[in-house]
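Below is one structure; the comments refer to it alone.
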Amino acid sequence: MDWGGWLVQGWTNRRTAGLTDLERRLPVRLQSLLCCGPLPPSAWGRGGSGPWGSLLRALCPSPADVTGPMPDAYSPQYVEAAWYPWWESQGFFKPEYGRQRVSEPNPKGLFMMCIPPPNVTGSLHLGHALTNAIQDALTRWHRMRGETTLWNPGCDHAGIATQVVVEKKLWRERGQTRHDLGREAFVREVWKWKNEKGDRIYHQLKKLGSSMDWDRACFTMDPKLSYAVQEAFVRLHEEGVIYRSKRLVNWSCTLHSAISDIEVDKKELSGRTLLPVPGYKDKVEFGVLVSFAYKLEDSDEEVVVATTRVETMLGDTAVAVHPQDSRYQHLHGKRVLHPFTGRRMPIVCDDFVDMGFGTGAVKITPAHDHNDYEVGQRHGLDCVTIIDDSGCLINVPPPFLGMKRFEARGAVLEALKQKGLFKEVKDNPMVVPVCSRSKDVVEPLLKPQWYVRCEGLARGAADAVRRGDLRILPPFHCKTWFQWMDNIRDWCISRQLWWGHRIPAYFVTIDDPSVPPGEDTDGRYWVSGRSEEEAKDKAAKAFGVTTDKISLRQDDDVLDTWFSSGLFPFSIFGWPNASEDLKVFYPGTLLETGHDILFFWVARMVMLGLKLTGKLPFREVYLHAVVRDAHGRKMSKSLGNVIDPLDVISGITLEGLHAQLLESNLEPAEVERAKQGQKSDYPAGIPECGTDALRFALCAYTSQGRDINLDVNRILGYRHFCNKLWNATKFAIRGLGAEFQPPGAESLIDRWILSRLSLAVELSDAGFRAYDFPAVTTAVYNFWLYELCDVYLECLKPVFAEGGAAAVTAARCTLYTCLDVGLRLLSPFMPFVSEELFQRLPRRAPHAPPSICVTPYPSPEQVTRGAGVGAPAGLGEGAQGFLQCLDSGAADAASRCSAYIRSLSSSGLVRVLGPGEAPPAGCAVAVASDKCTVHLLLKGLIDAEKEISKLAGKQGELQKQIERLRERMGTPDYGTKVPPKVQEADAAKLQQSRTELQKVTEAVETFQRMI
């Protein structure tokens, strides 16, 4: 949907909400046009440039009728309905906004960040919401600071995920497989699906308010990016960085493809477990250890081995023991006989064997186990592949030949029993690797694949961090970075798919009897090229023959999606071709993403960027934490705690949450468990919170280095905060009056609120610079709620009701400054409500910026800072307060603000005591400053002895808690065995308990003085 469609949708949304500001704003003739039905995309044009888009923009320059009265209460649906298309149509999100060209010098600097491209098949989840809340807040902050700002959107073609989606669609609708169609026709079907359905995630990102330049949106299969992928492969292959090799890979028998480590889920089992496996009617047993014997070839002696995958014994080629294991010293160099194949297998000595596990003897299957493959390489063992691409047995004797691998599991076990070689089966905790895409159990298979030689690339990436050229935040992630970079393995980049970037490599066949035929794994017989003609010329030159002697076969495989996304920071700007955008925006400024893809994406961008461009793709990497539920549990569909952010924004009933479970692929038992989880966590469903509240909550939670335990009730609290903003601004606008004009002399309370505003600006600016988002949200929240609403606005009520003209004028000027600056502080986090309220404020100048999102972010110098005067609160309704001052200057200052204190505290009396004057007996005491002490007369208002009794119990509880924590933290191995995060939490609890105990003790002493 383009600009015009978005505006129509926004208009429709407001009608649906029963709110007609947008409807009233549109001319009657235009309303009738819109009611006739949707117009074709060409009518609107890209960015609203078409004829109808231009007409609508001319007739409707702003998406809200802010001249009319404000609705009585805040409504997220009302506020968020139509601002986004207006922002986009006005070009506020483009780096060109306010200048002729992006290359035009900007003394305020430049900020560029690219989105972690979501999958084209994706839909919004809380991980996306967190990522975009942080990234948009940063982008809007930099934009408001006047920098040339680009947040570049994009989408990943998601090879495996997309192919699976379209294959399922074909089977469901036509009963066809991709093989029925053939490669070209199937790829056309994928493009058709992408063009119809693939931009769903973009609309959802817009729903979150993400201020990206959508005209620069890139898809990783776009011609520009595909050309960059081809160029990168050819260059790296020519240099020998990319090479061909036959090794073990993670194989999905369902997908018929190798998959990356990040696409392998580790399913932990505590013991015997039956798991569903695609292609099997009955569940398959896992989590057991089967022991059986191999007999020596020249005696009746036997060696007992144990395995969790007994079917793979058909591919065993050795037995391994530890060289120092005394039980097997006499067997070194001897052989055992395979009971089904007759294979004579050596007993080899290898340090990798754990003498304490099982019998200390290990079966070795080099072709189907990563550890066994390494053993096989060290000892020159045969690699016998016994499982094919579909998971059926090959190269084995009858009756096992052709069986499915897990059907063979039972058959092999029964055959071992019949030969008297079976020993036992027992429970065994284990981890089962499962393909996240197909849910199939991953099978290690030997396959010829393309690899990137990573050691040199990784050294450069590690050195960049060590030198400080690249900063990783929070810094503790550097340890993980160095572990990966310093111990990196070569990267398998080929995938056996049809959807993706087909590898531009060709196998060479030479029509010349003097040249022997090549093998697949022989790199000399593979050439790469930007075209088949280029590849043929390379081959002819390499083999010294004419091109007519050369036949080429292009590799059927496609490249790992992480390869193309690793080029993303510069391929989006047209690399390797020169362009203005490439010159201006590469290298970028920041990369912000989740820490879980630090290796899979961030490291590969750094390695490929350094190698292909000679530059780091960005200067800083900020990694946010993982979102968990309110109980600290990982989000899981089977637990029923996965939250769709759109459900938080719009609200959903409990029945609606249950209905979503029925649309999932969960087993019936998991559905019931998930329903119970939903019923426990959301008994009344999820209330409508709105985008602003969700974004603010996510940023407020984002403490560096800590996972986020997201409680929907807290998000709802920020929705109430939005309502507080709404009502405060509504009151303020009424107080400003229709003829408001700055400026005027400031009163004491005016100077106080400006001092608090200035502090909020300082804290916000410092927080953004340090990526300390809770510091910013706390500063803004505290200013609006506790200082502006709870104090200043309360103090203004009597001023507006009965104050003099000069006082009212000064108060209005200060109030306007607070609203204007306060809304700008909120804007990066709450873009919708801040825009709605900002548009309703009068402008300081006729040519002021048209939107809050391009209005300068406040700086401390812009806010007048007065002397800080704190007002003691909580005196209690009807109580008498006495302010005891050390000198006459303090007494005068206290006298000037005593009326404010009385109003704020609802006290019956506030009296200032000069030097030497004593307060009455029976007062509670609090220190306001070094020159002023507050005495609150409580005698007769409360039962002091009863309060002391309550506090004594609290004292005892706190003392016990402190003692328990001291004992726990004082154990000898506490510092080594307890995780750092737990140690931090314990230290924080201890400090909190000590502080509480001190406060309770002080309160007891105060009440004792009143008896």
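The chains in the structure tokens are called A, B, ... from first to last as shown; in each chain the residues are counted from 1, and the ligands are counted from 1 in the order shown.
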
*What's the 9 Å shell around segment 337-345 of chain A, counting only C-alpha atoms, without same-chain residues fewer than 5 positions away, as a PyMOL selection string?*
chain A and resi 294-298+313-314+316-319+396-397+415-416+419+421

Convert the current residue selection to file output with C-alpha atoms, as a PDB file, in the first residue's frame.
ATOM      1  CA  TYR A 294      31.811 -56.011  18.328  1.00  0.00           C
ATOM      2  CA  LYS A 295      33.785 -59.291  18.294  1.00  0.00           C
ATOM      3  CA  LEU A 296      37.485 -59.337  17.524  1.00  0.00           C
ATOM      4  CA  GLU A 297      38.268 -60.890  14.145  1.00  0.00           C
ATOM      5  CA  ASP A 298      40.659 -63.499  15.563  1.00  0.00           C
ATOM      6  CA  MET A 313      26.535 -48.700  13.169  1.00  0.00           C
ATOM      7  CA  LEU A 314      25.997 -49.915   9.606  1.00  0.00           C
ATOM      8  CA  ASP A 316      31.028 -47.814  11.303  1.00  0.00           C
ATOM      9  CA  THR A 317      34.617 -48.138  10.079  1.00  0.00           C
ATOM     10  CA  ALA A 318      36.503 -48.298  13.398  1.00  0.00           C
ATOM     11  CA  VAL A 319      36.331 -48.508  17.191  1.00  0.00           C
ATOM     12  CA  VAL A 396      24.226 -51.394   3.320  1.00  0.00           C
ATOM     13  CA  PRO A 397      23.281 -55.078   2.980  1.00  0.00           C
ATOM     14  CA  ALA A 415      19.161 -57.944  14.330  1.00  0.00           C
ATOM     15  CA  LEU A 416      21.775 -57.299  17.040  1.00  0.00           C
ATOM     16  CA  LYS A 419      23.107 -62.323  16.829  1.00  0.00           C
ATOM     17  CA  LEU A 421      25.449 -58.853  20.387  1.00  0.00           C
TER      18      LEU A 421
END

With a distance cut-off of 8 Å and only C-alpha atoms, select the neighbouring residues of segment 273-285 of chain A, excluding the residue or stretch itself and same-chain residues fewer than 2 positions from it, and output the selection as a PDB file with C-alpha atoms, in the first residue's frame.
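What landed in around02.pdb:
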ATOM      1  CA  THR A 254      12.892 -32.988   4.348  1.00  0.00           C
ATOM      2  CA  LEU A 269      15.930 -34.400  26.397  1.00  0.00           C
ATOM      3  CA  GLY A 271      15.801 -39.316  28.913  1.00  0.00           C
ATOM      4  CA  GLY A 287      17.093 -40.141  24.581  1.00  0.00           C
ATOM      5  CA  VAL A 288      18.316 -43.749  25.018  1.00  0.00           C
ATOM      6  CA  PHE A 406      14.556 -44.333  11.818  1.00  0.00           C
ATOM      7  CA  SER A 438      11.251 -28.359   8.517  1.00  0.00           C
ATOM      8  CA  LYS A 439      11.204 -29.732  12.122  1.00  0.00           C
ATOM      9  CA  ASP A 440      13.158 -32.717  10.797  1.00  0.00           C
ATOM     10  CA  VAL A 441      15.979 -34.271  12.827  1.00  0.00           C
TER      11      VAL A 441
END

Which residues of segment 477-560 of chain A have any atom within 9 Å of an atom in segment 147-170 of chain A when counting only C-alpha atoms, and what is the closest pair of atoms for each, with the distance in Å to one decimal? Order the rows by chain and rising number and write it as CSV.
residue,atom,partner,partner_atom,distance
A:Arg495,CA,A:Gly159,CA,8.7
A:Leu497,CA,A:Ile160,CA,7.3
A:Trp498,CA,A:Gln163,CA,7.7
A:Trp499,CA,A:Gly159,CA,5.5
A:Gly500,CA,A:Gly159,CA,5.4
A:His501,CA,A:Gly159,CA,8.8
A:Val558,CA,A:Gly159,CA,8.6
A:Leu559,CA,A:Gly159,CA,8.7
A:Asp560,CA,A:Gly159,CA,7.7

May I have the residues from that selection written out with C-alpha atoms, as an mmCIF file, in the first residue's frame?
data_model
loop_
_atom_site.group_PDB
_atom_site.id
_atom_site.type_symbol
_atom_site.label_atom_id
_atom_site.label_comp_id
_atom_site.auth_asym_id
_atom_site.auth_seq_id
_atom_site.Cartn_x
_atom_site.Cartn_y
_atom_site.Cartn_z
ATOM 1 C CA ARG A 495 22.480 -24.598 -0.191
ATOM 2 C CA LEU A 497 17.623 -24.948 -2.980
ATOM 3 C CA TRP A 498 16.021 -23.401 -6.032
ATOM 4 C CA TRP A 499 15.141 -20.052 -4.478
ATOM 5 C CA GLY A 500 18.127 -17.802 -3.936
ATOM 6 C CA HIS A 501 21.268 -16.557 -5.659
ATOM 7 C CA VAL A 558 22.273 -21.395 -4.327
ATOM 8 C CA LEU A 559 24.200 -19.320 -1.818
ATOM 9 C CA ASP A 560 23.530 -19.256 1.896
#

So which bits of segment 325-536 of chain A end up strand (DSSP E or B) when you DSSP the backbone, as a PDB file with C-alpha atoms, in the first residue's frame?
ATOM      1  CA  ARG A 335      40.554 -55.345  14.470  1.00  0.00           C
ATOM      2  CA  VAL A 336      36.906 -56.127  15.081  1.00  0.00           C
ATOM      3  CA  LEU A 337      34.520 -57.690  12.586  1.00  0.00           C
ATOM      4  CA  ARG A 344      37.312 -55.532   9.224  1.00  0.00           C
ATOM      5  CA  MET A 345      37.538 -52.416  11.404  1.00  0.00           C
ATOM      6  CA  PRO A 346      40.669 -51.234  13.249  1.00  0.00           C
ATOM      7  CA  ILE A 347      40.761 -50.368  16.946  1.00  0.00           C
ATOM      8  CA  VAL A 348      42.374 -46.899  16.977  1.00  0.00           C
ATOM      9  CA  CYS A 349      43.732 -44.851  19.889  1.00  0.00           C
ATOM     10  CA  ALA A 361      35.129 -47.742  23.741  1.00  0.00           C
ATOM     11  CA  VAL A 362      33.468 -45.683  21.002  1.00  0.00           C
ATOM     12  CA  LYS A 363      32.099 -46.697  17.597  1.00  0.00           C
ATOM     13  CA  ILE A 364      33.365 -44.441  14.789  1.00  0.00           C
ATOM     14  CA  ILE A 387      22.106 -42.378   4.393  1.00  0.00           C
ATOM     15  CA  CYS A 392      16.991 -43.668   3.308  1.00  0.00           C
ATOM     16  CA  LEU A 393      19.739 -46.249   3.776  1.00  0.00           C
ATOM     17  CA  LYS A 404      14.114 -45.064   6.200  1.00  0.00           C
ATOM     18  CA  PHE A 422      22.863 -56.605  22.103  1.00  0.00           C
ATOM     19  CA  LYS A 423      23.728 -55.645  25.703  1.00  0.00           C
ATOM     20  CA  GLU A 424      21.300 -53.045  27.094  1.00  0.00           C
ATOM     21  CA  VAL A 425      19.210 -49.929  26.538  1.00  0.00           C
ATOM     22  CA  LYS A 426      19.084 -47.186  29.143  1.00  0.00           C
ATOM     23  CA  ASP A 427      17.881 -43.605  29.455  1.00  0.00           C
ATOM     24  CA  MET A 430      20.945 -35.819  25.168  1.00  0.00           C
ATOM     25  CA  VAL A 431      20.457 -32.990  22.710  1.00  0.00           C
ATOM     26  CA  VAL A 432      18.637 -33.707  19.442  1.00  0.00           C
ATOM     27  CA  PRO A 433      19.410 -31.287  16.566  1.00  0.00           C
ATOM     28  CA  VAL A 434      16.181 -30.253  14.814  1.00  0.00           C
ATOM     29  CA  CYS A 435      15.827 -28.165  11.662  1.00  0.00           C
ATOM     30  CA  VAL A 441      15.979 -34.271  12.827  1.00  0.00           C
ATOM     31  CA  GLU A 443      21.437 -35.625   9.733  1.00  0.00           C
ATOM     32  CA  PRO A 444      25.198 -35.017   9.328  1.00  0.00           C
ATOM     33  CA  LEU A 445      26.046 -35.936   5.715  1.00  0.00           C
ATOM     34  CA  LEU A 446      29.217 -35.762   3.636  1.00  0.00           C
ATOM     35  CA  LYS A 447      28.603 -33.388   0.738  1.00  0.00           C
ATOM     36  CA  PRO A 448      30.728 -31.444  -1.739  1.00  0.00           C
ATOM     37  CA  GLN A 449      30.021 -27.798  -0.947  1.00  0.00           C
ATOM     38  CA  TRP A 450      31.441 -24.305  -1.403  1.00  0.00           C
ATOM     39  CA  TYR A 451      33.319 -22.825   1.542  1.00  0.00           C
ATOM     40  CA  VAL A 452      34.717 -19.446   2.524  1.00  0.00           C
ATOM     41  CA  ARG A 471      33.236  -0.747  19.139  1.00  0.00           C
ATOM     42  CA  ILE A 472      30.934  -3.516  20.347  1.00  0.00           C
ATOM     43  CA  LEU A 473      28.421  -2.520  23.023  1.00  0.00           C
ATOM     44  CA  TRP A 491      31.966 -21.250   6.288  1.00  0.00           C
ATOM     45  CA  CYS A 492      29.779 -23.513   4.132  1.00  0.00           C
ATOM     46  CA  SER A 494      26.081 -23.511  -0.609  1.00  0.00           C
ATOM     47  CA  ARG A 495      22.480 -24.598  -0.191  1.00  0.00           C
ATOM     48  CA  ARG A 502      22.400 -19.372  -7.899  1.00  0.00           C
ATOM     49  CA  ALA A 505      30.375 -21.435 -10.634  1.00  0.00           C
ATOM     50  CA  TYR A 506      30.654 -23.942 -13.479  1.00  0.00           C
ATOM     51  CA  PHE A 507      32.015 -27.472 -13.649  1.00  0.00           C
ATOM     52  CA  VAL A 508      34.329 -27.915 -16.617  1.00  0.00           C
ATOM     53  CA  THR A 509      34.240 -30.843 -19.047  1.00  0.00           C
ATOM     54  CA  ILE A 510      36.918 -30.841 -21.761  1.00  0.00           C
ATOM     55  CA  TRP A 526      35.489 -25.395 -11.345  1.00  0.00           C
ATOM     56  CA  VAL A 527      35.516 -21.852 -12.718  1.00  0.00           C
ATOM     57  CA  SER A 528      33.433 -18.849 -11.758  1.00  0.00           C
TER      58      SER A 528
END

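Checking A:Pro513, A:Asp490, A:Phe783, A:Gln77 one by one against Val249 of chain A, counting only C-alpha atoms, you find the shortest gap at A:Asp490.
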
*Name the residues of segment 146-223 of chain A that come out as helix (DSSP H, G or I) in a backbone DSSP run; write them as number ranges by chain.*
A: 159-174, 178-181, 183-197, 200-207, 214-216, 223

Could those residues be written to a file, using N, CA and C atoms, as a short mmCIF file (atom, residue, chain, number, x, y, z; two decimals), in the first residue's frame?
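In the end it all went to result21.cif:
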data_model
loop_
_atom_site.label_atom_id
_atom_site.label_comp_id
_atom_site.auth_asym_id
_atom_site.auth_seq_id
_atom_site.Cartn_x
_atom_site.Cartn_y
_atom_site.Cartn_z
N GLY A 159 15.99 -17.82 1.79
CA GLY A 159 15.93 -18.96 0.88
C GLY A 159 15.10 -20.13 1.34
N ILE A 160 15.45 -20.71 2.49
CA ILE A 160 14.75 -21.91 2.94
C ILE A 160 13.30 -21.60 3.32
N ALA A 161 13.11 -20.56 4.15
CA ALA A 161 11.77 -20.26 4.65
C ALA A 161 10.80 -19.97 3.51
N THR A 162 11.25 -19.19 2.53
CA THR A 162 10.36 -18.84 1.42
C THR A 162 10.05 -20.05 0.55
N GLN A 163 11.06 -20.86 0.27
CA GLN A 163 10.82 -22.04 -0.55
C GLN A 163 9.82 -22.97 0.13
N VAL A 164 9.94 -23.12 1.45
CA VAL A 164 9.01 -23.99 2.18
C VAL A 164 7.59 -23.45 2.09
N VAL A 165 7.43 -22.13 2.26
CA VAL A 165 6.10 -21.52 2.21
C VAL A 165 5.44 -21.76 0.85
N VAL A 166 6.19 -21.52 -0.22
CA VAL A 166 5.61 -21.67 -1.56
C VAL A 166 5.37 -23.13 -1.89
N GLU A 167 6.26 -24.02 -1.46
CA GLU A 167 6.04 -25.45 -1.70
C GLU A 167 4.76 -25.93 -1.01
N LYS A 168 4.55 -25.49 0.23
CA LYS A 168 3.33 -25.88 0.94
C LYS A 168 2.10 -25.33 0.24
N LYS A 169 2.21 -24.10 -0.27
CA LYS A 169 1.08 -23.48 -0.98
C LYS A 169 0.76 -24.26 -2.25
N LEU A 170 1.79 -24.66 -2.99
CA LEU A 170 1.59 -25.43 -4.22
C LEU A 170 0.90 -26.76 -3.92
N TRP A 171 1.36 -27.42 -2.87
CA TRP A 171 0.80 -28.72 -2.53
C TRP A 171 -0.66 -28.59 -2.06
N ARG A 172 -0.92 -27.55 -1.27
CA ARG A 172 -2.26 -27.33 -0.74
C ARG A 172 -3.25 -26.96 -1.84
N GLU A 173 -2.82 -26.13 -2.78
CA GLU A 173 -3.74 -25.62 -3.80
C GLU A 173 -3.80 -26.49 -5.05
N ARG A 174 -2.69 -27.15 -5.42
CA ARG A 174 -2.65 -27.88 -6.69
C ARG A 174 -2.24 -29.34 -6.54
N ARG A 178 7.57 -28.91 -6.22
CA ARG A 178 8.39 -28.06 -7.08
C ARG A 178 8.99 -28.88 -8.23
N HIS A 179 9.23 -30.16 -7.98
CA HIS A 179 9.78 -31.01 -9.03
C HIS A 179 8.78 -31.23 -10.16
N ASP A 180 7.49 -31.18 -9.82
CA ASP A 180 6.47 -31.29 -10.87
C ASP A 180 6.54 -30.08 -11.81
N LEU A 181 6.88 -28.92 -11.25
CA LEU A 181 6.93 -27.69 -12.05
C LEU A 181 8.25 -27.53 -12.79
N ARG A 183 12.48 -26.14 -12.22
CA ARG A 183 13.12 -25.03 -11.51
C ARG A 183 12.63 -23.66 -11.96
N GLU A 184 12.62 -23.40 -13.25
CA GLU A 184 12.24 -22.07 -13.73
C GLU A 184 10.81 -21.72 -13.36
N ALA A 185 9.90 -22.67 -13.56
CA ALA A 185 8.48 -22.41 -13.25
C ALA A 185 8.29 -22.22 -11.75
N PHE A 186 9.02 -23.00 -10.96
CA PHE A 186 8.89 -22.86 -9.51
C PHE A 186 9.40 -21.49 -9.05
N VAL A 187 10.52 -21.06 -9.58
CA VAL A 187 11.05 -19.75 -9.21
C VAL A 187 10.07 -18.64 -9.59
N ARG A 188 9.39 -18.80 -10.74
CA ARG A 188 8.37 -17.82 -11.11
C ARG A 188 7.24 -17.79 -10.09
N GLU A 189 6.86 -18.97 -9.57
CA GLU A 189 5.82 -19.04 -8.54
C GLU A 189 6.27 -18.31 -7.26
N VAL A 190 7.55 -18.43 -6.92
CA VAL A 190 8.05 -17.75 -5.72
C VAL A 190 7.99 -16.24 -5.92
N TRP A 191 8.42 -15.76 -7.09
CA TRP A 191 8.36 -14.32 -7.35
C TRP A 191 6.91 -13.83 -7.32
N LYS A 192 6.01 -14.63 -7.85
CA LYS A 192 4.60 -14.25 -7.82
C LYS A 192 4.12 -14.12 -6.38
N TRP A 193 4.49 -15.09 -5.54
CA TRP A 193 4.09 -15.02 -4.14
C TRP A 193 4.71 -13.80 -3.47
N LYS A 194 5.98 -13.56 -3.75
CA LYS A 194 6.67 -12.41 -3.14
C LYS A 194 6.00 -11.10 -3.51
N ASN A 195 5.64 -10.94 -4.77
CA ASN A 195 5.02 -9.70 -5.22
C ASN A 195 3.62 -9.51 -4.64
N GLU A 196 2.94 -10.62 -4.32
CA GLU A 196 1.59 -10.52 -3.76
C GLU A 196 1.58 -10.40 -2.24
N LYS A 197 2.47 -11.16 -1.58
CA LYS A 197 2.40 -11.28 -0.12
C LYS A 197 3.64 -10.78 0.61
N ARG A 200 4.28 -7.74 3.49
CA ARG A 200 3.48 -7.65 4.72
C ARG A 200 4.29 -7.08 5.88
N ILE A 201 5.54 -7.52 5.98
CA ILE A 201 6.37 -7.07 7.10
C ILE A 201 6.63 -5.57 7.02
N TYR A 202 6.67 -5.00 5.80
CA TYR A 202 6.87 -3.56 5.66
C TYR A 202 5.71 -2.79 6.27
N HIS A 203 4.49 -3.25 5.99
CA HIS A 203 3.32 -2.57 6.55
C HIS A 203 3.31 -2.66 8.07
N GLN A 204 3.76 -3.79 8.59
CA GLN A 204 3.80 -3.94 10.05
C GLN A 204 4.86 -3.03 10.66
N LEU A 205 5.99 -2.88 9.97
CA LEU A 205 7.03 -1.97 10.47
C LEU A 205 6.52 -0.53 10.48
N LYS A 206 5.72 -0.19 9.48
CA LYS A 206 5.13 1.16 9.47
C LYS A 206 4.16 1.32 10.63
N LYS A 207 3.46 0.25 10.96
CA LYS A 207 2.54 0.28 12.11
C LYS A 207 3.30 0.62 13.39
N TRP A 214 11.61 4.70 2.69
CA TRP A 214 11.09 3.55 1.96
C TRP A 214 11.42 3.59 0.48
N ASP A 215 11.75 4.74 -0.07
CA ASP A 215 12.17 4.79 -1.46
C ASP A 215 13.50 4.09 -1.68
N ARG A 216 14.26 3.87 -0.61
CA ARG A 216 15.54 3.18 -0.71
C ARG A 216 15.44 1.71 -0.26
N PRO A 223 17.89 -6.88 -8.67
CA PRO A 223 19.04 -6.96 -9.60
C PRO A 223 20.30 -6.29 -9.06
#

*Find the spatial neighbours of Asp692 of chain A, counting only C-alpha atoms, within a cut-off of 9 Å - ignore same-chain residues fewer than 5 positions away - and output them as a PyMOL selection string.*
chain A and resi 76+80+208-209+649+697+718-719+722+829-833

What would the file look like if the residues just selected were written as a short mmCIF file (atom, residue, chain, number, x, y, z; two decimals), in the first residue's frame with N, CA and C atoms?
data_model
loop_
_atom_site.label_atom_id
_atom_site.label_comp_id
_atom_site.auth_asym_id
_atom_site.auth_seq_id
_atom_site.Cartn_x
_atom_site.Cartn_y
_atom_site.Cartn_z
N PRO A 76 -5.42 5.41 21.42
CA PRO A 76 -4.33 5.05 20.51
C PRO A 76 -4.78 4.92 19.07
N GLU A 80 -3.02 7.21 16.25
CA GLU A 80 -2.06 6.53 15.37
C GLU A 80 -2.63 6.21 13.99
N LEU A 208 4.56 0.20 13.46
CA LEU A 208 5.40 0.51 14.62
C LEU A 208 5.98 1.91 14.57
N GLY A 209 5.71 2.64 13.48
CA GLY A 209 6.20 4.02 13.38
C GLY A 209 7.63 4.13 12.91
N ILE A 649 -0.71 -3.74 20.61
CA ILE A 649 -1.10 -2.43 20.07
C ILE A 649 -2.63 -2.29 20.00
N ALA A 697 7.74 1.22 26.48
CA ALA A 697 8.00 0.14 27.44
C ALA A 697 9.23 -0.66 27.03
N TYR A 718 2.13 2.46 30.66
CA TYR A 718 2.57 3.54 29.78
C TYR A 718 1.45 4.03 28.88
N ARG A 719 0.46 3.18 28.64
CA ARG A 719 -0.73 3.65 27.92
C ARG A 719 -1.47 4.67 28.81
N CYS A 722 0.27 7.88 28.57
CA CYS A 722 -0.15 8.63 27.38
C CYS A 722 -1.43 9.42 27.66
N PHE A 829 10.53 8.21 21.17
CA PHE A 829 9.93 6.99 21.72
C PHE A 829 8.44 6.89 21.43
N MET A 830 7.74 8.02 21.49
CA MET A 830 6.29 8.05 21.29
C MET A 830 5.98 9.00 20.13
N PRO A 831 6.26 8.58 18.91
CA PRO A 831 6.15 9.53 17.79
C PRO A 831 4.73 9.96 17.47
N PHE A 832 3.75 9.09 17.72
CA PHE A 832 2.37 9.41 17.32
C PHE A 832 1.72 10.42 18.26
N VAL A 833 1.68 10.11 19.54
CA VAL A 833 1.01 11.01 20.48
C VAL A 833 1.77 12.32 20.59
#

*asked:* For Pro576 of chain A, find every residue with an atom within 10 Å (counting only C-alpha atoms), except residues of its own chain fewer than 3 positions away, and show them as a list in words.
replied: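 Residues meeting the cut-off are Lys224, Leu225, Tyr227, Ala228, Val229, Glu231, Ala232, Phe570, Ser571, Phe573, Ser579, Leu582, Leu612 and Thr613 of chain A.
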
*Which of these, A:Trp562, A:Thr855, A:Trp484, A:Pro399, has the shortest distance to Glu263 of chain A once you count only C-alpha atoms?*
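Smallest separation from Glu263 of chain A among the options: A:Trp562.
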
_Give me, as a ChimeraX atom specification, all polymer residues having an atom no more than 9 Å from Leu965 of chain A, counting only C-alpha atoms and skipping those fewer than 5 positions away in the same chain._
/A:960,970,986-987,989-990

*By how many Å are atom CA of Lys538 of chain A and atom CA of Gly240 of chain A apart?*
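Result for atom CA of Lys538 of chain A versus atom CA of Gly240 of chain A: 14.7 Å, one decimal.
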
*Quick one: distance from atom CA of Asp943 of chain A to atom CA of Ile962 of chain A in Å, one decimal?*
28.9 Å

*Nearby residues (only C-alpha atoms) at most 8 Å from segment 725-742 of chain A, same-chain spacing under 3 positions excluded, as a PyMOL selection string*: chain A and resi 70+73-74+721-722+784+789+793+800+809-810+812-813+815-816+819+837+841

*Nearest residue to Lys479 of chain A from the set A:Ala944, A:Val821, A:Leu598, A:Val808 (distances using only C-alpha atoms)*: A:Leu598

*Residues near Ile550 of chain A, cut-off 10 Å, only C-alpha atoms, skip fewer than 5 positions along chain, as a list in words*: Val508, Thr509, Ile510, Asp511, Asp512, Ala535, Lys536, Asp537, Ala539, Ala540, Phe543 and Val545 of chain A

*For Gly109 of chain A, the nearest of the candidates A:Leu913, A:Val584, A:Ala462, A:Leu401, counting only C-alpha atoms*: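 Nearest candidate to Gly109 of chain A out of A:Leu913, A:Val584, A:Ala462, A:Leu401: A:Val584.
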
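Taking only C-alpha atoms into account, Gln955 of chain A lies nearest to A:Arg994 out of the set A:Lys931, A:Arg378, A:Arg994, A:Arg327.
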